[in-house]
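Coordinates as given in query_36.cif (mmCIF, C-alpha atoms (C1' of nucleotides)):
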```cif
data_upload
loop_
_atom_site.label_atom_id
_atom_site.label_comp_id
_atom_site.auth_asym_id
_atom_site.auth_seq_id
_atom_site.Cartn_x
_atom_site.Cartn_y
_atom_site.Cartn_z
CA MET C 451 70.01 -29.24 26.71
CA ASN C 452 66.43 -30.08 27.58
CA LEU C 453 65.94 -31.19 23.99
CA GLU C 454 69.02 -33.35 24.24
CA ASN C 455 67.53 -35.14 27.23
CA GLU C 456 64.36 -35.80 25.32
CA ILE C 457 66.38 -37.27 22.49
CA SER C 458 68.11 -39.66 24.92
CA LEU C 459 64.75 -40.82 26.18
CA ARG C 460 63.41 -41.17 22.68
CA GLN C 461 66.34 -43.30 21.59
CA THR C 462 66.00 -45.53 24.60
CA LEU C 463 62.30 -46.06 24.03
CA ASP C 464 62.82 -46.63 20.32
CA ARG C 465 64.60 -49.84 21.16
CA PHE C 466 61.21 -51.22 22.16
CA ASN C 467 59.79 -50.13 18.88
CA VAL C 468 56.27 -49.22 19.88
CA LEU C 469 55.68 -45.47 20.15
CA SER C 470 54.81 -43.22 17.22
CA ASP C 471 55.95 -39.58 17.15
CA VAL C 472 52.59 -38.43 18.42
CA GLU C 473 52.60 -40.99 21.19
CA PHE C 474 56.08 -40.02 22.22
CA SER C 475 55.12 -36.40 22.70
CA GLU C 476 52.15 -37.61 24.73
CA PHE C 477 54.61 -39.62 26.78
CA LEU C 478 56.87 -36.62 27.30
CA LYS C 479 54.03 -34.80 29.00
CA VAL C 480 54.16 -37.16 31.95
CA CYS C 481 57.93 -36.73 32.35
CA GLU C 482 59.03 -34.34 35.10
CA TYR C 483 62.64 -33.24 35.09
CA ARG C 484 64.29 -33.85 38.46
CA GLU C 485 67.77 -33.47 39.88
CA PHE C 486 69.36 -35.15 42.88
CA SER C 487 72.59 -34.64 44.76
CA LYS C 488 74.82 -37.50 45.74
CA LYS C 489 73.37 -39.42 48.72
CA ASP C 490 69.85 -38.16 48.11
CA TYR C 491 67.15 -40.81 48.29
CA LEU C 492 64.90 -41.25 45.28
CA LEU C 493 62.92 -43.78 47.32
CA LYS C 494 63.17 -44.50 51.02
CA SER C 495 62.19 -47.79 52.66
CA GLY C 496 58.92 -47.52 54.54
CA ASN C 497 57.55 -45.05 52.03
CA TYR C 498 55.14 -45.64 49.20
CA ASN C 499 56.57 -45.72 45.74
CA HIS C 500 54.81 -43.53 43.24
CA GLY C 501 56.89 -43.85 40.12
CA ILE C 502 60.09 -44.61 38.26
CA TYR C 503 63.02 -42.52 37.06
CA PHE C 504 64.62 -42.35 33.67
CA ILE C 505 68.29 -41.61 34.38
CA ILE C 506 69.61 -38.94 32.05
CA SER C 507 72.99 -38.93 33.76
CA GLY C 508 74.49 -40.39 36.91
CA VAL C 509 74.25 -43.66 38.83
CA VAL C 510 71.47 -44.82 41.14
CA GLY C 511 71.74 -47.75 43.55
CA LEU C 512 68.98 -50.05 44.80
CA PHE C 513 69.70 -51.45 48.24
CA GLU C 514 68.08 -53.05 51.24
CA LEU C 515 69.27 -52.72 54.83
CA ILE C 516 70.08 -56.17 56.22
CA ASP C 517 71.55 -56.39 59.73
CA GLY C 518 72.37 -52.72 59.43
CA GLU C 519 74.34 -53.28 56.21
CA LYS C 520 73.42 -51.82 52.84
CA MET C 521 72.97 -54.77 50.49
CA TYR C 522 72.99 -53.44 46.94
CA GLN C 523 70.65 -55.36 44.66
CA ASN C 524 70.96 -53.34 41.50
CA PHE C 525 72.52 -50.30 39.88
CA PHE C 526 70.98 -48.03 37.28
CA LEU C 527 73.12 -46.10 34.84
CA GLU C 528 72.55 -43.51 32.17
CA ASN C 529 69.58 -44.23 29.91
CA GLU C 530 68.11 -46.82 32.22
CA PHE C 531 64.92 -46.79 34.27
CA ALA C 532 65.62 -46.78 37.99
CA ASN C 533 62.80 -48.64 39.69
CA GLU C 534 61.62 -50.79 42.56
CA LEU C 535 58.73 -52.62 41.00
CA LYS C 536 57.46 -54.66 43.88
CA SER C 537 56.29 -51.70 45.95
CA LEU C 538 55.23 -49.90 42.79
CA SER C 539 52.98 -52.67 41.53
CA THR C 540 51.57 -53.77 44.88
CA GLN C 541 51.33 -50.25 46.34
CA THR C 542 52.72 -51.32 49.67
CA PRO C 543 55.52 -49.51 51.54
CA SER C 544 58.89 -50.25 50.03
CA THR C 545 61.38 -52.42 51.87
CA LYS C 546 64.11 -51.09 49.60
CA ASN C 547 65.82 -47.80 48.85
CA LEU C 548 66.87 -45.98 45.72
CA ILE C 549 69.84 -43.73 46.36
CA ALA C 550 71.84 -41.32 44.21
CA LEU C 551 75.43 -42.56 44.05
CA THR C 552 76.36 -39.48 42.03
CA THR C 553 74.64 -36.27 41.02
CA ILE C 554 71.55 -37.29 39.06
CA ASN C 555 69.61 -35.75 36.21
CA SER C 556 66.42 -37.63 35.57
CA PHE C 557 62.87 -37.67 34.33
CA TYR C 558 60.36 -38.77 36.90
CA LEU C 559 57.44 -40.84 35.66
CA ASN C 560 54.47 -40.86 37.97
CA ARG C 561 52.66 -44.18 38.28
CA LYS C 562 49.15 -42.74 38.15
CA LYS C 563 49.93 -40.77 35.05
CA LEU C 564 51.43 -43.83 33.44
CA LEU C 565 48.31 -45.84 34.22
CA GLU C 566 46.23 -43.10 32.62
CA LEU C 567 48.41 -43.34 29.54
CA TYR C 568 47.84 -47.08 29.51
CA ASP C 569 44.12 -46.41 29.28
CA LYS C 570 44.55 -43.99 26.40
CA SER C 571 46.38 -46.27 24.02
CA ALA C 572 47.45 -49.90 23.95
CA SER C 573 50.87 -48.75 22.70
CA PHE C 574 51.76 -47.48 26.14
CA GLU C 575 50.63 -50.66 27.79
CA ARG C 576 52.75 -52.55 25.30
CA LEU C 577 55.73 -50.37 26.08
CA GLY C 578 55.24 -51.16 29.75
CA ARG C 579 55.08 -54.85 29.01
CA LYS C 580 58.23 -54.79 26.91
CA LEU C 581 60.09 -52.80 29.51
CA LEU C 582 59.10 -55.40 32.08
CA GLU C 583 60.35 -58.18 29.83
CA HIS C 584 63.64 -56.38 29.53
CA ILE C 585 63.97 -55.91 33.29
CA LEU C 586 63.02 -59.52 33.93
CA ASN C 587 65.70 -60.79 31.55
CA GLY C 588 68.28 -58.75 33.43
CA GLN C 589 67.05 -60.12 36.73
CA ASN C 590 67.30 -63.68 35.45
CA GLU C 591 70.87 -63.05 34.51
CA ILE C 592 71.95 -61.85 37.92
CA SER C 593 70.15 -64.80 39.52
CA TYR C 594 72.15 -67.10 37.29
CA VAL C 595 75.39 -65.42 38.35
CA LEU C 596 74.57 -65.77 42.04
CA GLN C 597 73.37 -69.34 41.70
CA SER C 598 76.00 -70.83 39.46
CA LEU C 599 79.23 -68.87 39.45
CA LYS C 600 82.05 -68.93 41.95
CA PRO C 601 83.40 -65.59 43.22
CA GLU C 602 86.15 -65.28 40.62
CA LYS C 603 83.70 -65.93 37.77
CA ARG C 604 81.27 -63.43 39.20
CA TYR C 605 83.91 -60.77 38.96
CA GLU C 606 84.66 -61.84 35.38
CA TYR C 607 80.98 -61.57 34.60
CA LEU C 608 81.15 -57.92 35.56
CA GLU C 609 84.34 -57.38 33.57
CA ILE C 610 82.77 -58.84 30.45
CA GLU C 611 79.07 -58.08 30.69
CA ARG C 612 78.90 -54.95 32.80
CA PRO C 613 82.27 -53.17 32.74
CA GLU C 614 80.60 -49.80 33.34
CA LEU C 615 79.73 -50.98 36.83
CA LEU C 616 83.37 -51.71 37.63
CA LYS C 617 84.30 -48.22 36.55
CA SER C 618 81.62 -46.24 38.30
CA ILE C 619 80.77 -48.11 41.50
CA PRO C 620 82.79 -48.66 44.69
CA LEU C 621 84.10 -52.17 45.13
CA THR C 622 82.38 -52.38 48.50
CA TYR C 623 78.96 -51.95 46.91
CA LEU C 624 79.74 -54.37 44.13
CA ALA C 625 80.73 -56.98 46.71
CA SER C 626 77.27 -56.97 48.25
CA TYR C 627 75.72 -57.02 44.79
CA LEU C 628 77.70 -60.18 43.99
CA GLY C 629 76.96 -61.77 47.33
CA LEU C 630 80.61 -61.68 48.46
CA ALA C 631 82.60 -60.28 51.35
CA ARG C 632 84.28 -57.00 50.49
CA GLU C 633 87.69 -58.50 51.23
CA THR C 634 87.12 -61.43 48.91
CA LEU C 635 86.36 -59.16 45.99
CA SER C 636 89.34 -56.96 46.80
CA ARG C 637 91.64 -60.01 46.66
CA ILE C 638 90.15 -61.26 43.43
CA ARG C 639 90.85 -57.93 41.84
CA ALA C 640 94.38 -57.85 43.31
CA ARG C 641 95.39 -61.05 41.52
CA LYS C 642 94.47 -59.67 38.09
CA MET P 272 36.73 -82.53 34.15
CA ASN P 273 37.54 -80.22 31.29
CA LEU P 274 35.26 -77.66 32.90
CA GLU P 275 37.09 -78.08 36.15
CA ASN P 276 40.38 -77.20 34.45
CA GLU P 277 38.86 -74.09 33.00
CA ILE P 278 37.68 -73.06 36.43
CA SER P 279 41.21 -73.44 37.81
CA LEU P 280 42.52 -71.20 35.06
CA ARG P 281 39.75 -68.71 35.61
CA GLN P 282 40.47 -68.49 39.33
CA THR P 283 44.15 -68.00 38.72
CA LEU P 284 43.57 -65.23 36.21
CA ASP P 285 40.97 -63.59 38.43
CA ARG P 286 43.73 -62.76 40.87
CA PHE P 287 44.93 -60.23 38.30
CA ASN P 288 41.48 -58.78 38.12
CA VAL P 289 41.36 -57.77 34.47
CA LEU P 290 39.31 -60.13 32.31
CA SER P 291 35.55 -59.96 31.91
CA ASP P 292 33.51 -63.13 31.32
CA VAL P 293 33.45 -62.49 27.61
CA GLU P 294 37.19 -61.86 27.50
CA PHE P 295 37.86 -65.02 29.44
CA SER P 296 36.01 -67.17 26.94
CA GLU P 297 38.01 -65.43 24.22
CA PHE P 298 41.12 -66.33 26.18
CA LEU P 299 40.05 -69.95 26.49
CA LYS P 300 40.01 -70.27 22.72
CA VAL P 301 43.79 -69.96 22.58
CA CYS P 302 44.29 -72.63 25.24
CA GLU P 303 45.23 -76.07 23.95
CA TYR P 304 45.00 -78.94 26.39
CA ARG P 305 48.25 -80.91 26.54
CA GLU P 306 49.58 -83.81 28.56
CA PHE P 307 53.14 -84.86 29.28
CA SER P 308 54.72 -87.90 30.86
CA LYS P 309 57.46 -87.64 33.45
CA LYS P 310 60.80 -86.71 31.83
CA ASP P 311 59.17 -85.24 28.72
CA TYR P 312 60.55 -81.90 27.61
CA LEU P 313 58.13 -79.00 27.27
CA LEU P 314 61.02 -76.95 25.89
CA LYS P 315 64.45 -78.14 24.83
CA SER P 316 67.55 -75.96 24.75
CA GLY P 317 68.53 -75.00 21.22
CA ASN P 318 64.92 -74.85 20.14
CA TYR P 319 62.70 -71.85 19.66
CA ASN P 320 60.15 -71.19 22.30
CA HIS P 321 56.64 -70.63 21.02
CA GLY P 322 54.57 -70.32 24.15
CA ILE P 323 53.90 -70.91 27.81
CA TYR P 324 52.05 -73.58 29.79
CA PHE P 325 49.41 -73.22 32.44
CA ILE P 326 49.97 -76.17 34.76
CA ILE P 327 46.69 -77.83 35.67
CA SER P 328 48.45 -80.54 37.64
CA GLY P 329 52.00 -81.74 38.14
CA VAL P 330 55.44 -80.13 38.50
CA VAL P 331 57.64 -78.65 35.80
CA GLY P 332 61.32 -77.78 36.24
CA LEU P 333 63.34 -75.10 34.46
CA PHE P 334 67.01 -75.98 34.17
CA GLU P 335 70.17 -75.18 32.28
CA LEU P 336 72.99 -77.60 31.57
CA ILE P 337 76.21 -76.27 33.10
CA ASP P 338 79.34 -78.44 32.89
CA GLY P 339 77.02 -81.33 32.13
CA GLU P 340 75.02 -80.76 35.29
CA LYS P 341 71.35 -79.83 35.39
CA MET P 342 71.12 -76.55 37.26
CA TYR P 343 67.51 -76.00 38.21
CA GLN P 344 66.53 -72.36 38.11
CA ASN P 345 62.84 -72.60 38.84
CA PHE P 346 59.95 -74.94 39.50
CA PHE P 347 56.36 -74.52 38.39
CA LEU P 348 53.54 -76.09 40.33
CA GLU P 349 49.81 -76.44 39.91
CA ASN P 350 48.06 -73.24 38.79
CA GLU P 351 51.28 -71.56 37.72
CA PHE P 352 52.52 -70.57 34.30
CA ALA P 353 55.60 -72.54 33.27
CA ASN P 354 57.72 -70.30 31.09
CA GLU P 355 61.13 -69.31 29.83
CA LEU P 356 60.59 -65.68 28.95
CA LYS P 357 63.97 -64.75 27.57
CA SER P 358 63.77 -66.96 24.50
CA LEU P 359 60.06 -66.28 24.23
CA SER P 360 60.40 -62.51 24.13
CA THR P 361 63.57 -62.30 22.05
CA GLN P 362 62.66 -65.20 19.75
CA THR P 363 66.13 -66.69 19.92
CA PRO P 364 66.89 -70.37 20.61
CA SER P 365 66.49 -71.21 24.26
CA THR P 366 69.52 -71.95 26.40
CA LYS P 367 67.24 -73.51 28.97
CA ASN P 368 64.92 -76.49 29.27
CA LEU P 369 61.47 -77.07 30.66
CA ILE P 370 61.01 -80.64 31.82
CA ALA P 371 58.11 -82.57 33.31
CA LEU P 372 59.12 -83.77 36.77
CA THR P 373 55.81 -85.61 37.08
CA THR P 374 52.92 -86.39 34.79
CA ILE P 375 51.60 -83.04 33.57
CA ASN P 376 48.18 -81.78 32.56
CA SER P 377 48.39 -78.34 31.06
CA PHE P 378 47.02 -75.70 28.78
CA TYR P 379 49.42 -74.53 26.13
CA LEU P 380 49.30 -70.86 25.20
CA ASN P 381 50.83 -70.08 21.85
CA ARG P 382 52.79 -66.83 21.68
CA LYS P 383 51.44 -65.72 18.32
CA LYS P 384 47.89 -66.26 19.42
CA LEU P 385 48.55 -64.34 22.59
CA LEU P 386 49.98 -61.44 20.61
CA GLU P 387 46.87 -61.45 18.46
CA LEU P 388 44.78 -61.27 21.60
CA TYR P 389 46.85 -58.32 22.75
CA ASP P 390 45.84 -56.52 19.57
CA LYS P 391 42.18 -57.23 20.12
CA SER P 392 41.82 -55.71 23.54
CA ALA P 393 44.00 -53.82 25.96
CA SER P 394 42.73 -56.08 28.74
CA PHE P 395 44.85 -58.93 27.46
CA GLU P 396 47.91 -56.75 27.22
CA ARG P 397 47.25 -55.66 30.77
CA LEU P 398 46.94 -59.25 31.89
CA GLY P 399 50.30 -59.94 30.28
CA ARG P 400 51.84 -56.98 32.03
CA LYS P 401 50.47 -57.99 35.41
CA LEU P 402 51.62 -61.54 34.96
CA LEU P 403 55.10 -60.25 34.17
CA GLU P 404 55.07 -58.11 37.31
CA HIS P 405 54.15 -61.17 39.30
CA ILE P 406 56.92 -63.26 37.79
CA LEU P 407 59.43 -60.47 38.30
CA ASN P 408 58.57 -60.17 41.98
CA GLY P 409 59.20 -63.88 42.38
CA GLN P 410 62.50 -63.60 40.58
CA ASN P 411 63.59 -60.73 42.83
CA GLU P 412 62.86 -62.87 45.82
CA ILE P 413 65.04 -65.76 44.74
CA SER P 414 67.84 -63.32 43.88
CA TYR P 415 67.61 -61.98 47.40
CA VAL P 416 67.87 -65.48 48.83
CA LEU P 417 70.93 -66.31 46.77
CA GLN P 418 72.61 -63.00 47.45
CA SER P 419 71.99 -62.55 51.14
CA LEU P 420 71.21 -65.81 52.90
CA LYS P 421 73.58 -68.46 54.16
CA PRO P 422 72.84 -72.10 53.28
CA GLU P 423 70.87 -72.85 56.43
CA LYS P 424 68.68 -69.78 55.96
CA ARG P 425 68.08 -70.70 52.35
CA TYR P 426 66.65 -73.99 53.46
CA GLU P 427 64.49 -72.19 56.02
CA TYR P 428 63.29 -69.90 53.28
CA LEU P 429 61.93 -72.94 51.46
CA GLU P 430 60.40 -74.35 54.63
CA ILE P 431 58.55 -71.12 55.30
CA GLU P 432 57.87 -69.58 51.91
CA ARG P 433 57.72 -72.52 49.56
CA PRO P 434 57.03 -75.71 51.53
CA GLU P 435 55.36 -77.32 48.51
CA LEU P 436 58.75 -77.46 46.83
CA LEU P 437 60.24 -79.41 49.74
CA LYS P 438 57.44 -81.92 49.46
CA SER P 439 57.40 -82.48 45.74
CA ILE P 440 60.96 -82.01 44.49
CA PRO P 441 64.09 -84.15 44.99
CA LEU P 442 66.64 -82.64 47.33
CA THR P 443 69.26 -82.88 44.62
CA TYR P 444 67.34 -80.53 42.38
CA LEU P 445 66.60 -78.13 45.20
CA ALA P 446 70.30 -77.96 46.01
CA SER P 447 71.13 -76.59 42.57
CA TYR P 448 68.19 -74.21 42.82
CA LEU P 449 69.60 -72.85 46.09
CA GLY P 450 73.14 -72.70 44.76
CA LEU P 451 74.44 -75.37 47.14
CA ALA P 452 76.16 -78.71 46.92
CA ARG P 453 73.76 -81.61 47.25
CA GLU P 454 75.64 -82.90 50.31
CA THR P 455 75.41 -79.56 52.07
CA LEU P 456 71.65 -79.46 51.75
CA SER P 457 71.36 -83.08 52.86
CA ARG P 458 73.30 -82.25 56.04
CA ILE P 459 71.27 -79.15 56.77
CA ARG P 460 68.14 -81.21 56.59
CA ALA P 461 69.65 -83.97 58.75
CA ARG P 462 70.21 -81.63 61.68
CA LYS P 463 66.55 -80.57 61.87
"C1'" DT B 1144 60.43 -110.12 41.56
"C1'" DT B 1145 64.57 -108.66 39.85
"C1'" DC B 1146 67.73 -105.46 38.01
"C1'" DA B 1147 69.03 -100.87 36.84
"C1'" DT B 1148 68.66 -96.12 37.77
"C1'" DT B 1149 68.05 -92.37 40.63
"C1'" DT B 1150 68.27 -90.25 44.91
"C1'" DT B 1151 69.94 -89.66 49.54
"C1'" DG B 1152 73.13 -90.13 53.55
"C1'" DT B 1153 77.57 -89.76 55.70
"C1'" DG B 1154 82.49 -89.77 56.74
"C1'" DA B 1155 87.19 -87.92 55.63
"C1'" DT B 1156 89.68 -84.32 53.51
"C1'" DT B 1157 90.67 -80.04 51.15
"C1'" DT B 1158 89.65 -75.47 49.79
"C1'" DT B 1159 87.60 -71.40 49.90
"C1'" DC B 1160 85.63 -67.83 51.76
"C1'" DG B 1161 84.23 -65.00 55.71
"C1'" DT B 1162 85.68 -62.69 59.74
"C1'" DC B 1163 88.62 -59.83 62.54
"C1'" DA B 1164 92.09 -56.44 62.91
"C1'" DC B 1165 94.50 -52.77 61.39
"C1'" DA B 1166 96.96 -49.92 57.94
"C1'" DT B 1167 96.60 -47.08 54.03
"C1'" DA B 1168 94.43 -44.39 50.56
"C1'" DT B 1169 91.01 -41.58 48.69
"C1'" DA B 1170 87.30 -38.43 48.79
"C1'" DA B 1171 84.30 -34.98 50.99
"C1'" DG B 1172 83.30 -31.20 53.96
"C1'" DT B 1173 84.47 -27.02 56.53
"C1'" DA V 1470 94.75 -27.03 54.30
"C1'" DC V 1471 92.95 -29.64 57.83
"C1'" DT V 1472 89.78 -32.95 59.59
"C1'" DT V 1473 86.44 -36.45 59.18
"C1'" DA V 1474 84.27 -39.91 56.72
"C1'" DT V 1475 84.50 -43.57 53.09
"C1'" DA V 1476 86.67 -46.84 50.70
"C1'" DT V 1477 90.40 -50.19 49.87
"C1'" DG V 1478 94.33 -53.48 50.85
"C1'" DT V 1479 96.31 -57.22 53.35
"C1'" DG V 1480 97.67 -60.64 56.80
"C1'" DA V 1481 96.24 -64.24 60.15
"C1'" DC V 1482 92.84 -67.30 61.43
"C1'" DG V 1483 88.78 -70.21 61.78
"C1'" DA V 1484 84.47 -71.89 60.11
"C1'" DA V 1485 81.84 -73.54 56.60
"C1'" DA V 1486 81.08 -75.46 52.42
"C1'" DA V 1487 82.84 -78.12 48.31
"C1'" DT V 1488 84.73 -82.22 46.90
"C1'" DC V 1489 85.63 -87.12 46.90
"C1'" DA V 1490 84.33 -91.71 47.90
"C1'" DC V 1491 81.26 -95.06 48.90
"C1'" DA V 1492 77.08 -97.18 51.06
"C1'" DA V 1493 72.24 -97.40 51.54
"C1'" DA V 1494 67.68 -96.47 50.24
"C1'" DA V 1495 64.03 -95.56 47.15
"C1'" DT V 1496 62.02 -95.58 42.70
"C1'" DG V 1497 61.07 -97.36 38.04
"C1'" DA V 1498 61.12 -100.50 34.39
"C1'" DA V 1499 61.11 -105.12 32.37
#
```

Show this structure as structure tokens.
Amino acid sequence: MNLENEISLRQTLDRFNVLSDVEFSEFLKVCEYREFSKKDYLLKSGNYNHGIYFIISGVVGLFELIDGEKMYQNFFLENEFANELKSLSTQTPSTKNLIALTTINSFYLNRKKLLELYDKSASFERLGRKLLEHILNGQNEISYVLQSLKPEKRYEYLEIERPELLKSIPLTYLASYLGLARETLSRIRARK
Amino acid sequence: MNLENEISLRQTLDRFNVLSDVEFSEFLKVCEYREFSKKDYLLKSGNYNHGIYFIISGVVGLFELIDGEKMYQNFFLENEFANELKSLSTQTPSTKNLIALTTINSFYLNRKKLLELYDKSASFERLGRKLLEHILNGQNEISYVLQSLKPEKRYEYLEIERPELLKSIPLTYLASYLGLARETLSRIRARK
DNA sequence: TTCATTTTGTGATTTTCGTCACATATAAGT
DNA sequence: ACTTATATGTGACGAAAATCACAAAATGAA
């Protein structure tokens, strides 16, 4: 069970191809197992952000309150790193929130401990850099969708590129993610 | 003149607070001075991407051809690093283009040489990581604009947060950047 | 200076999407 | 099982933006 979780993490990190066995066990030492119930906040706006979460199971949403409405900006699924990097890197209070959309099993990675790892070996720093590259590529993609695609095509983007989101996340949240009115997305789906 | 350019670079890098004097002169060794005329391509879609450019002076645009139209996705001004990180990090042919919108003076930073630097000292890797964080924060911001702001507010975002773009870049290009029809942006500006 | 190219402005028209209102369905909590 | 809270569907309507068409202005090149 616990071992299984570590294997998930290992496999995810292996895709970046940087950590040796020894380094991985070093890495594991900074991982704290944490659980959350649905609607729990992993990060609340106004608070400082001290780390990131590796999602073992469940779905986490990143949102910002705008005119009293939750605008979802990202979703993190199994085997992804839930994060809000702006407040993490600048160490200023977060304007955004991370919320558990389901029950969550996760590993928490404390920022300070990660920075200490960075000092120990360049491999960890490299892992951090590669993870950032990965996140940035994802962010570029969603920008492209918002900039260039009409509502119907945005929905198709989800169908093709991120079908897991359609399955696990309420339409209402996806609408804000795609920059559309809830009703518009509902109608797009209706005519399919 | 040449010294002046190096000072610009130094000041820009100093904001990340990682390189010593010695490391900076090491860094300078991988910088190749390059000039471009207006309309030259720094990167052409279909080609491999072998590095990034520090812009000493001028403006570079990042665009993608969609239905035969240039969709501008970013602009790089003086003292910024013009880049297309997806093709650079994955080493696949670029789908995007970097084009000189004015005469350009730049330093070219070759990817391989940068990776070699990364191996030499963790400071360089850290610089790379911090630069990525910086780029990612910018990318998050433009996503927010596209997702949450109506056309008029998008224009105001430029007025307030990026006035240099309004001064130096044709309205037509800015329209695609903001995900709007050219005419819409022209009318927004007219009623101000 | 002249000609071609690029960029911007502006009206008329069409389309799409957002908004409002309310019904229904589904899930969650006691 | 009952009640409340969340989420979804759908029609009517209006506002806003896209599209089309063309003129004017600005920029660049020969």

For chain C, report every residue with an atom at most 9 Å from chain B (counting only C-alpha atoms (C1' of nucleotides)), formatted as number ranges by chain.
C: 630-631, 633-634

Between chain V and chain C, at 12 Å or less, what are the per-residue closest atom pairs and their distances in Å? Count all atoms listed in the file, order by chain and rising residue number, and return it as a Markdown table.
```
| residue | atom | partner | partner_atom | distance |
| --- | --- | --- | --- | --- |
| V:DT1475 | C1' | C:Pro620 | CA | 10.0 |
| V:DA1476 | C1' | C:Thr622 | CA | 7.3 |
| V:DT1477 | C1' | C:Ser636 | CA | 7.5 |
| V:DG1478 | C1' | C:Ser636 | CA | 7.3 |
| V:DT1479 | C1' | C:Arg637 | CA | 8.6 |
| V:DG1480 | C1' | C:Glu633 | CA | 11.6 |
| V:DA1487 | C1' | C:Lys600 | CA | 11.2 |
```

Just the residues within 7 Å of Asp311 (chain P), please, counting all atoms listed in the file, with nothing from its chain fewer than 4 positions along; format it as a VMD selection string.
chain P and resid 307 370 to 371

Return as JSON the box centre and box size in Å, one decimal, for an axis-aligned box around all listed atoms of region 359-375 of chain P padded by 6 Å per side.
```
{"center_x": 60.6, "center_y": -74.3, "center_z": 28.4, "size_x": 29.9, "size_y": 36.1, "size_z": 29.3}
```

When you get a sec, could you note down which chain P residues fall within 9 Å of chain C, using only C-alpha atoms, as a PyMOL selection string?
chain P and resi 337+342+344+356-357+360+389-390+392-393+396-397+399-401+403-408+410-411+413-415+417-420+447-451

Find the residues around Val331 (chain P) up to 7 Å (only C-alpha atoms (C1' of nucleotides) counted), leave out those fewer than 5 positions away in its own chain, and share them as a ChimeraX atom specification.
/P:346-348,353,369-372

Please measure the separation of CA of Ile326 (chain P) and CA of Tyr428 (chain P), giving the value in Å to one decimal.
23.7 Å
